[in-house]
$ cat run_28.txt   # compact mmCIF, C-alpha atoms
# COMPACT_ATOMS: atom_id res chain seq x y z
CA MET A 1 -5.97 79.82 -178.76
CA LEU A 2 -2.45 78.36 -178.80
CA LEU A 3 -0.20 79.25 -181.68
CA SER A 4 2.28 77.24 -183.68
CA ARG A 5 5.82 76.94 -182.34
CA ARG A 6 6.91 79.84 -184.51
CA GLN A 7 3.97 81.97 -183.39
CA PHE A 8 4.45 80.86 -179.78
CA CYS A 9 7.75 82.66 -179.57
CA ALA A 10 6.40 85.76 -181.33
CA VAL A 11 4.51 88.41 -179.37
CA GLY A 12 3.10 86.98 -181.46
CA VAL A 13 2.66 105.37 -184.86
CA GLY A 14 -0.88 105.56 -185.56
CA SER A 15 -3.46 107.76 -183.84
CA LEU A 16 -2.12 110.66 -181.79
CA THR A 17 -5.40 111.20 -179.94
CA SER A 18 -4.85 112.57 -176.44
CA LEU A 19 -5.82 110.27 -173.55
CA THR A 20 -7.88 111.27 -170.56
CA THR A 21 -8.96 109.44 -167.44
CA THR A 22 -12.49 109.18 -168.85
CA ASP A 23 -11.16 107.56 -172.01
CA PHE A 24 -9.76 104.70 -169.96
CA LEU A 25 -12.80 103.90 -167.77
CA LEU A 26 -14.58 100.58 -168.13
CA ALA A 27 -17.46 100.68 -170.60
CA GLU A 28 -20.37 99.69 -168.37
CA GLN A 29 -23.40 98.43 -170.29
CA ALA A 30 -26.20 96.30 -168.88
CA ASP A 31 -26.36 93.89 -171.81
CA LYS A 32 -22.63 93.69 -172.64
CA PRO A 33 -19.43 92.73 -170.80
CA ALA A 34 -17.44 95.48 -169.14
CA TRP A 35 -14.59 96.01 -171.59
CA LEU A 36 -11.40 97.67 -170.43
CA GLN A 37 -10.65 100.26 -173.09
CA ALA A 38 -7.10 100.39 -174.49
CA THR A 39 -5.51 102.81 -176.90
CA ALA A 40 -3.45 101.10 -179.61
CA TYR A 41 -0.19 102.28 -181.19
CA ALA A 42 1.44 100.48 -184.10
CA VAL A 43 5.11 99.69 -183.62
CA PRO A 44 7.03 101.00 -186.68
CA LYS A 45 6.37 98.46 -189.41
CA GLU A 46 9.88 98.58 -190.83
CA THR A 47 11.09 96.91 -187.60
CA THR A 48 9.21 93.63 -188.20
CA ASN A 49 8.32 91.48 -191.19
CA GLN A 50 5.77 89.20 -189.53
CA GLY A 51 4.03 91.60 -187.16
CA SER A 52 5.97 90.05 -184.33
CA GLY A 53 7.70 90.85 -181.07
CA TYR A 54 8.16 89.07 -177.73
CA PHE A 55 8.35 89.50 -173.93
CA SER A 56 10.62 92.42 -174.70
CA ILE A 57 9.12 95.50 -173.06
CA VAL A 58 10.14 97.61 -170.07
CA SER A 59 9.46 101.07 -168.70
CA GLY A 60 12.66 103.10 -168.38
CA LEU A 61 13.47 105.45 -165.54
CA ASP A 62 12.89 108.25 -168.07
CA GLY A 63 9.22 107.23 -168.33
CA LYS A 64 9.59 105.87 -171.86
CA LEU A 65 8.83 102.33 -172.99
CA TYR A 66 11.51 100.20 -174.64
CA ILE A 67 10.27 97.46 -176.97
CA GLY A 68 12.17 94.73 -178.79
CA CYS A 69 11.11 93.68 -182.29
CA ALA A 70 11.62 90.68 -184.59
CA LYS A 71 12.47 90.85 -188.28
CA TYR A 72 13.11 87.24 -189.24
CA GLY A 73 16.10 86.62 -191.45
CA VAL A 74 16.96 90.33 -191.47
CA ASN A 75 17.68 92.18 -188.20
CA ALA A 76 16.36 93.18 -184.76
CA TYR A 77 15.53 96.65 -183.41
CA LEU A 78 14.90 98.31 -180.07
CA VAL A 79 12.07 100.85 -180.26
CA GLU A 80 11.33 103.69 -177.84
CA PHE A 81 7.78 104.88 -177.11
CA ASP A 82 7.25 108.26 -175.43
CA PRO A 83 3.86 108.34 -173.62
CA LYS A 84 3.96 112.14 -173.58
CA THR A 85 4.28 112.64 -177.34
CA LYS A 86 2.72 109.27 -178.36
CA GLN A 87 5.64 108.82 -180.77
CA MET A 88 7.87 105.82 -181.46
CA ARG A 89 11.37 105.70 -182.87
CA VAL A 90 14.11 103.14 -183.42
CA VAL A 91 16.92 103.68 -180.90
CA VAL A 92 19.01 100.55 -181.56
CA ASP A 93 19.66 98.90 -184.93
CA CYS A 94 21.23 95.66 -183.68
CA HIS A 95 23.12 94.73 -186.87
CA LYS A 96 24.53 98.22 -187.15
CA GLU A 97 25.78 98.13 -183.55
CA ILE A 98 27.25 94.63 -183.95
CA GLY A 99 28.78 95.39 -187.34
CA THR A 100 27.17 92.55 -189.30
CA ASP A 101 24.94 92.15 -192.34
CA LEU A 102 24.31 88.40 -192.09
CA LYS A 103 20.90 87.32 -193.36
CA GLY A 104 18.69 84.26 -193.15
CA PHE A 105 19.12 82.07 -190.09
CA ALA A 106 22.50 83.72 -189.45
CA ALA A 107 20.77 87.05 -188.76
CA GLN A 108 20.06 88.44 -185.30
CA ALA A 109 16.36 87.95 -185.95
CA LYS A 110 14.79 89.15 -182.73
CA ILE A 111 15.02 90.61 -179.28
CA HIS A 112 13.27 88.05 -177.09
CA THR A 113 14.66 88.97 -173.68
CA ARG A 114 12.49 90.62 -171.12
CA ASN A 115 14.15 94.01 -171.17
CA ASN A 116 15.51 95.19 -167.83
CA VAL A 117 16.56 98.60 -166.57
CA GLY A 118 19.38 99.27 -164.12
CA PRO A 119 19.58 102.00 -161.45
CA SER A 120 21.67 103.95 -163.97
CA GLY A 121 18.67 104.08 -166.32
CA LYS A 122 20.44 101.90 -168.89
CA ILE A 123 18.33 99.35 -170.80
CA TYR A 124 19.57 95.74 -170.87
CA PHE A 125 18.49 93.44 -173.70
CA ALA A 126 19.96 90.82 -176.05
CA THR A 127 19.50 89.18 -179.44
CA LYS A 128 18.29 85.72 -180.37
CA GLN A 129 18.05 83.41 -183.37
CA GLY A 130 14.96 83.06 -185.56
CA TYR A 131 13.93 79.82 -187.28
CA PRO A 132 15.91 77.86 -189.86
CA GLU A 133 14.41 77.62 -193.33
CA LYS A 134 15.08 74.87 -195.87
CA ASP A 135 18.78 73.97 -196.20
CA GLU A 136 19.72 76.22 -193.24
CA LYS A 137 21.57 74.67 -190.30
CA ARG A 138 21.28 75.72 -186.66
CA THR A 139 25.04 76.19 -186.62
CA ASP A 140 24.60 78.96 -189.22
CA TYR A 141 23.59 81.23 -186.35
CA PRO A 142 26.73 82.66 -184.74
CA GLY A 143 25.11 83.36 -181.36
CA GLY A 144 23.32 86.17 -179.55
CA TYR A 145 24.77 89.42 -178.23
CA PRO A 146 24.01 91.12 -174.90
CA MET A 147 23.50 94.86 -175.35
CA VAL A 148 23.17 97.86 -173.05
CA TYR A 149 21.50 101.01 -174.35
CA ASP A 150 21.97 104.30 -172.48
CA PRO A 151 19.03 106.68 -173.12
CA ALA A 152 21.04 109.57 -171.66
CA THR A 153 23.74 109.34 -174.34
CA GLY A 154 22.01 107.37 -177.09
CA LYS A 155 24.96 104.97 -177.15
CA THR A 156 24.86 101.17 -177.06
CA ARG A 157 27.53 98.80 -175.76
CA VAL A 158 27.63 95.38 -177.42
CA TYR A 159 29.12 92.44 -175.49
CA PRO A 160 30.61 89.29 -177.08
CA ILE A 161 28.62 86.13 -177.81
CA PRO A 162 28.59 84.06 -174.58
CA ILE A 163 27.93 80.60 -176.13
CA LYS A 164 28.40 79.88 -179.84
CA HIS A 165 25.15 79.20 -181.74
CA HIS A 166 23.02 80.03 -178.66
CA GLY A 167 20.63 82.95 -178.54
CA ILE A 168 19.99 84.85 -175.31
CA ILE A 169 16.64 84.68 -173.55
CA SER A 170 17.42 86.64 -170.36
CA ILE A 171 19.78 89.38 -169.20
CA THR A 172 19.42 90.87 -165.71
CA PRO A 173 21.83 93.49 -164.35
CA ASP A 174 23.34 93.89 -160.91
CA GLU A 175 25.01 97.23 -161.52
CA ALA A 176 26.20 97.55 -157.92
CA ARG A 177 28.54 94.62 -158.60
CA ASP A 178 29.21 95.50 -162.28
CA VAL A 179 27.73 92.23 -163.52
CA ALA A 180 24.74 90.97 -165.44
CA TYR A 181 23.28 87.48 -165.36
CA ILE A 182 22.62 85.73 -168.66
CA SER A 183 20.48 82.79 -169.75
CA THR A 184 21.23 81.36 -173.18
CA CYS A 185 19.00 79.22 -175.39
CA ASP A 186 19.85 76.80 -178.19
CA ASP A 187 16.18 76.22 -179.12
CA ALA A 188 16.69 72.45 -179.03
CA ARG A 189 13.70 70.18 -178.50
CA PRO A 190 12.58 68.35 -176.48
CA ILE A 191 15.25 69.53 -174.00
CA GLU A 192 16.65 73.05 -174.21
CA SER A 193 20.23 73.95 -173.38
CA SER A 194 20.20 77.14 -171.27
CA HIS A 195 23.43 78.28 -169.64
CA PHE A 196 23.20 80.36 -166.45
CA MET A 197 26.13 82.77 -166.79
CA ILE A 198 27.74 85.83 -165.23
CA LEU A 199 28.83 88.69 -167.50
CA ASP A 200 31.45 91.10 -166.16
CA LEU A 201 30.15 94.45 -167.40
CA LYS A 202 33.60 96.05 -167.26
CA THR A 203 35.71 93.41 -169.00
CA GLY A 204 33.05 91.64 -171.09
CA LYS A 205 34.23 88.23 -169.80
CA TYR A 206 31.83 85.40 -168.91
CA ARG A 207 31.63 82.74 -166.24
CA ASP A 208 29.43 79.72 -166.93
CA LEU A 209 27.65 78.54 -163.77
CA LEU A 210 25.37 75.73 -165.00
CA ASP A 211 23.44 74.41 -167.99
CA CYS A 212 19.95 74.52 -166.43
CA GLN A 213 18.16 73.02 -169.48
CA HIS A 214 15.05 75.12 -168.83
CA MET A 215 13.23 76.83 -171.69
CA TYR A 216 12.47 80.57 -171.67
CA ALA A 217 14.17 81.27 -168.34
CA PHE A 218 13.92 84.66 -166.61
CA VAL A 219 16.81 85.44 -164.26
CA VAL A 220 15.95 87.56 -161.20
CA VAL A 221 18.13 89.12 -158.49
CA ASP A 222 17.01 89.50 -154.88
CA ALA A 223 17.70 92.22 -152.29
CA ARG A 224 20.91 90.48 -151.23
CA GLY A 225 22.26 90.27 -154.77
CA ARG A 226 21.53 86.56 -155.14
CA ALA A 227 20.57 85.50 -158.67
CA TYR A 228 17.94 82.84 -159.47
CA HIS A 229 17.48 80.65 -162.57
CA PRO A 230 14.93 77.80 -163.02
CA ILE A 231 16.28 74.26 -163.62
CA LEU A 232 14.62 71.52 -165.65
CA GLY A 233 12.36 69.48 -163.38
CA GLY A 234 11.47 72.18 -160.87
CA ASP A 235 14.63 72.90 -158.89
CA ILE A 236 16.04 76.44 -158.82
CA ALA A 237 19.66 77.56 -159.13
CA ARG A 238 20.70 80.38 -156.79
CA TYR A 239 24.07 82.11 -157.03
CA ASP A 240 25.30 84.19 -154.09
CA PRO A 241 28.04 86.64 -155.13
CA LYS A 242 29.05 87.28 -151.49
CA THR A 243 29.99 83.64 -150.92
CA ASP A 244 30.66 82.83 -154.59
CA LYS A 245 28.45 79.79 -154.08
CA LEU A 246 25.97 78.19 -156.47
CA GLU A 247 23.12 76.41 -154.67
CA ARG A 248 20.47 74.04 -155.98
CA LEU A 249 17.16 74.72 -154.22
CA LYS A 250 14.02 72.66 -153.96
CA GLN A 251 10.73 74.56 -154.07
CA THR A 252 7.48 74.15 -152.18
CA ILE A 253 4.01 75.58 -152.69
CA ASP A 254 2.11 76.00 -149.42
CA GLY A 255 4.56 73.63 -147.75
CA LYS A 256 4.33 70.83 -150.34
CA PRO A 257 6.20 69.93 -153.54
CA PRO A 258 4.65 71.43 -156.69
CA THR A 259 1.93 69.29 -158.21
CA LYS A 260 2.03 67.98 -161.77
CA GLU A 261 -0.93 70.25 -162.58
CA SER A 262 0.97 73.35 -161.46
CA LEU A 263 3.47 72.91 -164.37
CA LEU A 264 6.18 74.33 -162.08
CA ALA A 265 8.21 71.11 -162.12
CA ASP A 266 7.56 69.74 -165.59
CA PRO A 267 10.13 67.02 -166.47
CA LYS A 268 10.16 68.27 -170.08
CA SER A 269 10.12 71.95 -169.05
CA HIS A 270 7.30 74.47 -169.33
CA PRO A 271 7.60 78.25 -169.80
CA ILE A 272 7.69 79.92 -166.38
CA ASN A 273 7.18 83.68 -166.11
CA TRP A 274 9.02 85.33 -163.20
CA ASP A 275 9.31 88.88 -161.94
CA VAL A 276 10.57 90.29 -158.66
CA THR A 277 9.23 93.13 -156.50
CA PRO A 278 11.17 96.41 -156.46
CA ASP A 279 12.50 95.66 -152.96
CA GLY A 280 13.86 92.31 -154.16
CA LYS A 281 12.09 90.37 -151.41
CA THR A 282 9.28 88.60 -153.29
CA LEU A 283 9.30 86.64 -156.53
CA TYR A 284 6.00 86.31 -158.42
CA CYS A 285 5.48 83.43 -160.81
CA VAL A 286 3.01 82.15 -163.40
CA ALA A 287 3.34 78.95 -165.42
CA MET A 288 2.28 79.81 -168.95
CA SER A 289 -0.73 77.45 -169.08
CA GLY A 290 -1.32 77.05 -165.35
CA ASN A 291 -3.88 79.80 -164.54
CA GLN A 292 -2.41 80.26 -161.06
CA LEU A 293 -0.40 83.04 -159.43
CA TYR A 294 2.38 82.07 -157.03
CA SER A 295 4.86 83.99 -154.90
CA TYR A 296 8.15 83.00 -153.26
CA ASP A 297 9.89 84.46 -150.22
CA LEU A 298 13.37 85.60 -151.31
CA THR A 299 14.49 86.71 -147.83
CA ALA A 300 15.14 83.24 -146.43
CA ASP A 301 18.25 81.08 -146.34
CA GLY A 302 18.29 77.31 -146.59
CA ASP A 303 17.90 74.87 -149.49
CA VAL A 304 14.15 75.29 -150.04
CA LEU A 305 12.45 78.19 -151.79
CA ALA A 306 9.07 78.50 -150.08
CA GLY A 307 6.16 79.49 -152.30
CA LYS A 308 2.48 80.29 -151.86
CA ALA A 309 -0.51 79.96 -154.19
CA HIS A 310 -2.75 83.02 -154.54
CA GLY A 311 -5.52 81.51 -156.62
CA PRO A 312 -6.44 81.48 -160.30
CA LEU A 313 -5.61 84.44 -162.49
CA LEU A 314 -9.01 84.17 -164.12
CA ALA A 315 -11.42 81.99 -162.19
CA GLU A 316 -14.06 81.80 -164.93
CA ALA A 317 -11.65 80.78 -167.71
CA LYS A 318 -11.84 77.42 -169.46
CA SER A 319 -8.15 77.76 -170.33
CA THR A 320 -5.52 80.50 -170.14
CA ASP A 321 -2.22 81.47 -171.68
CA CYS A 322 -0.12 83.95 -169.70
CA ARG A 323 3.24 85.00 -171.10
CA ALA A 324 2.91 88.67 -170.17
CA LEU A 325 3.55 89.28 -166.47
CA CYS A 326 5.34 92.11 -164.70
CA VAL A 327 5.68 93.70 -161.28
CA GLY A 328 5.27 97.48 -161.35
CA PRO A 329 7.24 100.19 -159.54
CA LYS A 330 4.94 100.02 -156.48
CA GLY A 331 4.85 96.22 -156.29
CA THR A 332 1.59 95.58 -158.16
CA VAL A 333 1.61 92.41 -160.24
CA TRP A 334 0.08 92.74 -163.72
CA ALA A 335 -0.78 89.86 -166.04
CA ALA A 336 -2.09 90.23 -169.60
CA ILE A 337 -3.83 86.93 -170.24
CA THR A 338 -5.23 85.27 -173.34
CA ALA A 339 -8.21 83.20 -172.22
CA ASN A 340 -11.09 81.11 -173.45
CA THR A 341 -14.20 82.16 -171.53
CA ALA A 342 -17.94 82.43 -172.06
CA LEU A 343 -17.17 85.64 -173.95
CA GLY A 344 -15.22 83.78 -176.63
CA SER A 345 -11.81 82.34 -177.53
CA SER A 346 -8.46 84.09 -177.33
CA ILE A 347 -9.83 87.06 -175.40
CA GLN A 348 -7.28 89.34 -173.75
CA TYR A 349 -7.90 90.09 -170.05
CA LEU A 350 -5.94 92.27 -167.65
CA VAL A 351 -5.46 90.97 -164.11
CA SER A 352 -3.64 92.47 -161.14
CA TYR A 353 -2.56 91.43 -157.65
CA ARG A 354 -1.26 93.26 -154.59
CA ALA A 355 0.11 91.69 -151.45
CA ASP A 356 -3.04 92.65 -149.51
CA ASP A 357 -5.47 91.21 -152.09
CA GLN A 358 -7.41 88.06 -151.27
CA ALA A 359 -7.00 86.84 -154.85
CA PRO A 360 -6.02 88.19 -158.30
CA VAL A 361 -8.31 90.99 -159.51
CA ASN A 362 -9.81 90.76 -163.00
CA HIS A 363 -10.11 94.20 -164.64
CA GLY A 364 -12.02 92.77 -167.58
CA PRO A 365 -11.53 91.89 -171.23
CA VAL A 366 -9.53 94.37 -173.29
CA ALA A 367 -11.02 96.28 -176.23
CA ILE A 368 -9.30 98.67 -178.63
CA ARG A 369 -10.91 102.11 -178.46
CA ASN A 370 -9.23 103.41 -181.67
CA PRO A 371 -9.54 100.61 -184.24
CA ASP A 372 -8.26 102.88 -187.03
CA TYR A 373 -4.87 103.33 -185.29
CA THR A 374 -3.02 102.03 -188.38
CA GLU A 375 -3.61 101.02 -192.00
CA PHE A 376 -4.86 97.47 -192.48
CA LYS A 377 -5.31 97.59 -196.27
CA ASP A 378 -3.20 98.76 -199.19
CA LYS A 379 -4.24 101.41 -201.73
CA GLU A 380 -6.14 98.78 -203.73
CA GLY A 381 -8.13 97.76 -200.68
CA LYS A 382 -6.38 94.42 -200.19
CA ALA A 383 -5.59 93.28 -196.65
CA LEU A 384 -1.96 93.88 -195.72
CA PRO A 385 0.01 90.74 -194.81
CA TRP A 386 0.53 90.04 -191.10
CA HIS A 387 -2.31 92.36 -190.09
CA HIS A 388 -4.81 89.68 -189.07
CA GLY A 389 -4.23 89.99 -185.33
CA ILE A 390 -7.01 92.54 -184.80
CA ARG A 391 -10.66 91.47 -185.04
CA LYS A 392 -14.14 92.88 -184.66
CA LEU A 393 -16.60 90.81 -182.62
CA ALA A 394 -20.28 90.39 -183.44
CA ASP A 395 -21.23 93.20 -181.03
CA GLY A 396 -18.87 95.61 -182.80
CA THR A 397 -16.08 95.45 -180.20
CA THR A 398 -12.57 95.59 -181.65
CA THR A 399 -10.03 93.44 -179.85
CA THR A 400 -6.95 91.29 -180.34
CA ASN A 401 -6.90 87.87 -181.96
CA TYR A 402 -3.79 86.11 -180.69
CA THR A 403 -1.67 85.47 -177.63
CA ILE A 404 -0.41 88.50 -175.69
CA LEU A 405 3.32 88.25 -175.06
CA GLY A 406 4.52 91.26 -173.11
CA ALA A 407 3.41 93.55 -170.27
CA ALA A 408 4.84 96.52 -168.39
CA GLU A 409 3.57 99.15 -165.98
CA GLY A 410 4.60 102.63 -167.05
CA ARG A 411 5.87 105.37 -164.78
CA ASP A 412 2.64 107.23 -165.62
CA GLY A 413 0.56 104.44 -164.03
CA SER A 414 -0.67 103.05 -167.34
CA VAL A 415 -0.32 99.35 -168.04
CA TYR A 416 0.95 98.28 -171.45
CA SER A 417 0.74 95.02 -173.37
CA LEU A 418 1.99 93.84 -176.75
CA SER A 419 -0.13 92.11 -179.37
CA LEU A 420 0.59 90.44 -182.70
CA ALA A 421 0.05 91.21 -186.38
CA PRO A 422 0.67 94.07 -186.59
CA LEU A 423 2.97 94.43 -183.61
CA THR A 424 0.92 96.75 -181.42
CA LEU A 425 1.40 98.49 -178.09
CA LEU A 426 -1.81 98.69 -176.04
CA GLN A 427 -2.09 101.33 -173.31
CA MET A 428 -4.58 100.82 -170.47
CA ALA A 429 -5.40 102.66 -167.24
CA PRO A 430 -7.27 100.11 -165.11
CA PRO A 431 -8.95 101.26 -161.89
CA ARG A 432 -7.54 100.01 -158.60
CA LYS A 433 -9.23 100.17 -155.22
$ encode --input "run_28.txt" --output "structure tokens"
Amino acid sequence: MLLSRRQFCAVGVGSLTSLTTTDFLLAEQADKPAWLQATAYAVPKETTNQGSGYFSIVSGLDGKLYIGCAKYGVNAYLVEFDPKTKQMRVVVDCHKEIGTDLKGFAAQAKIHTRNNVGPSGKIYFATKQGYPEKDEKRTDYPGGYPMVYDPATGKTRVYPIPIKHHGIISITPDEARDVAYISTCDDARPIESSHFMILDLKTGKYRDLLDCQHMYAFVVVDARGRAYHPILGGDIARYDPKTDKLERLKQTIDGKPPTKESLLADPKSHPINWDVTPDGKTLYCVAMSGNQLYSYDLTADGDVLAGKAHGPLLAEAKSTDCRALCVGPKGTVWAAITANTALGSSIQYLVSYRADDQAPVNHGPVAIRNPDYTEFKDKEGKALPWHHGIRKLADGTTTTNYTILGAAEGRDGSVYSLSLAPLTLLQMAPPRK
């Protein structure tokens, strides 16, 4: 099920029950599908007013999860989840750190960046605009702020707005060179303005490389320190800090230009989800609605980025929506997919891929093993607003109801995803061969 534009951008602490390996095993029943059991944790409800979050999740070097939230017209927060204690807490109040109390469309309404972590253990994220209401202008929004949170000290550094009235959709550090790469977003339609920029982490100054005009861009950095940003129409910008050269690369899939069906070279742009392996040598890619996993070789020179197709994420799906993709610490690709299958519509599946796999591996549809993880009704028994994202199927299985928008592999080996309404962290331990 696809959501409205507002819901598209949205990812969109209850039970403290201890988890065991047995708790996470697939529920094998002869007459029912094999559901992958997940334990749900509600993100603190004061951090969101529409049960919403985004791609914004990463596992820190300290083993904790860092999650960005959206509170439209109000503020944005970074939340920490400790897998050991099962507790969540707000670690960054964005307005407090910036020193602003602007409301409405002028507010820093959300953290939409895929959070990244540097070798120092610092967490890199940034703020973004929400949606204008009646009589609000897009120029009311001052612009987004890059931020760096240090779990070791609890302190946050706020950097200046890179482009006025633009939010920030991506921030990727290269701490060895004291820089971070930024992608901005003005939320214009049909063509987005998205500036590929370099932020000097010492001085806070910016260098604008190119307006790539690609929506929801994820910047990645390879083993040689070269930074990549998608360009409208399928080309890829690559900046090499050693030569101070910006290149425009063509891409191929199995030796040929990307097909129209791949959605990798859409003339009007299509959300492309990227993540790089820990060694910086391979880039994995999924087009949001494409149901195909691709990889690119980042070790080569030349003006072509060579890619390979690895097959469908979910072969039996009638349609898929994949906005939640990550590469874990050992190089395993994880994708949390919303799919329409024989099982039903908008079913969450977890899929993985390793370099030695013949094709992506489906670990099954995802069920919630603790459906009472949070309150869904008020004291009078009325349904709480923005709590309609959890449903019970006819067979009694509790699962999610909307698109999944974030995924991360934890240092403990668990895989996490984010679901909507209420904003919920799902913890899974899928088996691997």
$ atom_distance --input "run_28.txt" --atom1 "atom CA of Ile368 of chain A" --atom2 "atom CA of Lys84 of chain A"
19.6 Å
$ axis_aligned_box --input "run_28.txt" --around "segment 38-55 of chain A" --padding-each-side "5 Å" --output "AutoDock Vina command-line options"
--center_x 2.0 --center_y 95.9 --center_z -182.6 --size_x 28.2 --size_y 23.7 --size_z 27.3
$ residues_around --input "run_28.txt" --residues "Thr153 of chain A" --least-positions-apart "4" --cutoff "12 Å" --atoms "only C-alpha atoms" --output "PyMOL selection string"
chain A and resi 91+120-123+148-149+157
$ residues_near_point --input "run_28.txt" --point "(20.1, 93.6, -182.0)" --cutoff "8 Å" --atoms "only C-alpha atoms" --output "list in words"
Asn75, Ala76, Tyr77, Leu78, Val92, Asp93, Cys94, His95, Glu97, Ile98, Gln108, Ala109, Lys110, Ile111, Ala126, Thr127, Tyr145 and Met147 of chain A
$ atom_distance --input "run_28.txt" --atom1 "atom CA of Ile182 of chain A" --atom2 "atom CA of Phe55 of chain A"
15.7 Å
$ atom_distance --input "run_28.txt" --atom1 "atom CA of Val90 of chain A" --atom2 "atom CA of Leu425 of chain A"
14.5 Å
$ residues_around --input "run_28.txt" --residues "segment 253-256 of chain A" --least-positions-apart "5" --cutoff "9 Å" --atoms "all atoms listed in the file" --output "list in words"
Tyr294, Ser295, Tyr296, Leu305, Ala306, Gly307, Lys308 and Ala309 of chain A
$ write_last_selection --input "run_28.txt" --atoms "C-alpha atoms" --output "CSV table (one decimal), in the coordinates of the input"
chain,number,residue,atom,x,y,z
A,294,TYR,CA,2.4,82.1,-157.0
A,295,SER,CA,4.9,84.0,-154.9
A,296,TYR,CA,8.2,83.0,-153.3
A,305,LEU,CA,12.4,78.2,-151.8
A,306,ALA,CA,9.1,78.5,-150.1
A,307,GLY,CA,6.2,79.5,-152.3
A,308,LYS,CA,2.5,80.3,-151.9
A,309,ALA,CA,-0.5,80.0,-154.2
$ closest_residue --input "run_28.txt" --among "A:Asp187, A:Glu316, A:Asp266, A:Asp275" --to "Thr139 of chain A" --atoms "only C-alpha atoms"
A:Asp187
$ decode --input "run_28.txt" --residues "segment 49-79 of chain A" --atoms "C-alpha atoms" --output "compact mmCIF listing (two decimals), in the first residue's frame"
# COMPACT_ATOMS: atom_id res chain seq x y z
CA ASN A 49 2.73 14.16 16.93
CA GLN A 50 1.75 11.96 13.98
CA GLY A 51 3.38 8.66 14.93
CA SER A 52 6.06 9.38 12.38
CA GLY A 53 9.76 9.00 11.71
CA TYR A 54 11.91 8.33 8.64
CA PHE A 55 15.02 6.54 7.30
CA SER A 56 16.73 7.90 10.39
CA ILE A 57 18.19 4.94 12.28
CA VAL A 58 21.73 3.71 12.85
CA SER A 59 23.58 1.44 15.26
CA GLY A 60 26.31 3.31 17.11
CA LEU A 61 29.72 1.91 17.96
CA ASP A 62 28.47 1.78 21.56
CA GLY A 63 25.85 -0.81 20.54
CA LYS A 64 22.93 1.59 20.97
CA LEU A 65 20.43 2.59 18.29
CA TYR A 66 19.97 6.23 17.32
CA ILE A 67 16.58 7.15 15.88
CA GLY A 68 15.33 10.42 14.40
CA CYS A 69 11.74 11.54 15.00
CA ALA A 70 9.27 13.97 13.42
CA LYS A 71 7.03 16.38 15.31
CA TYR A 72 5.42 18.47 12.59
CA GLY A 73 5.23 22.17 13.23
CA VAL A 74 6.99 21.76 16.59
CA ASN A 75 10.49 20.23 16.79
CA ALA A 76 12.67 17.19 16.03
CA TYR A 77 14.41 14.81 18.43
CA LEU A 78 17.15 12.19 18.34
CA VAL A 79 16.28 9.18 20.50
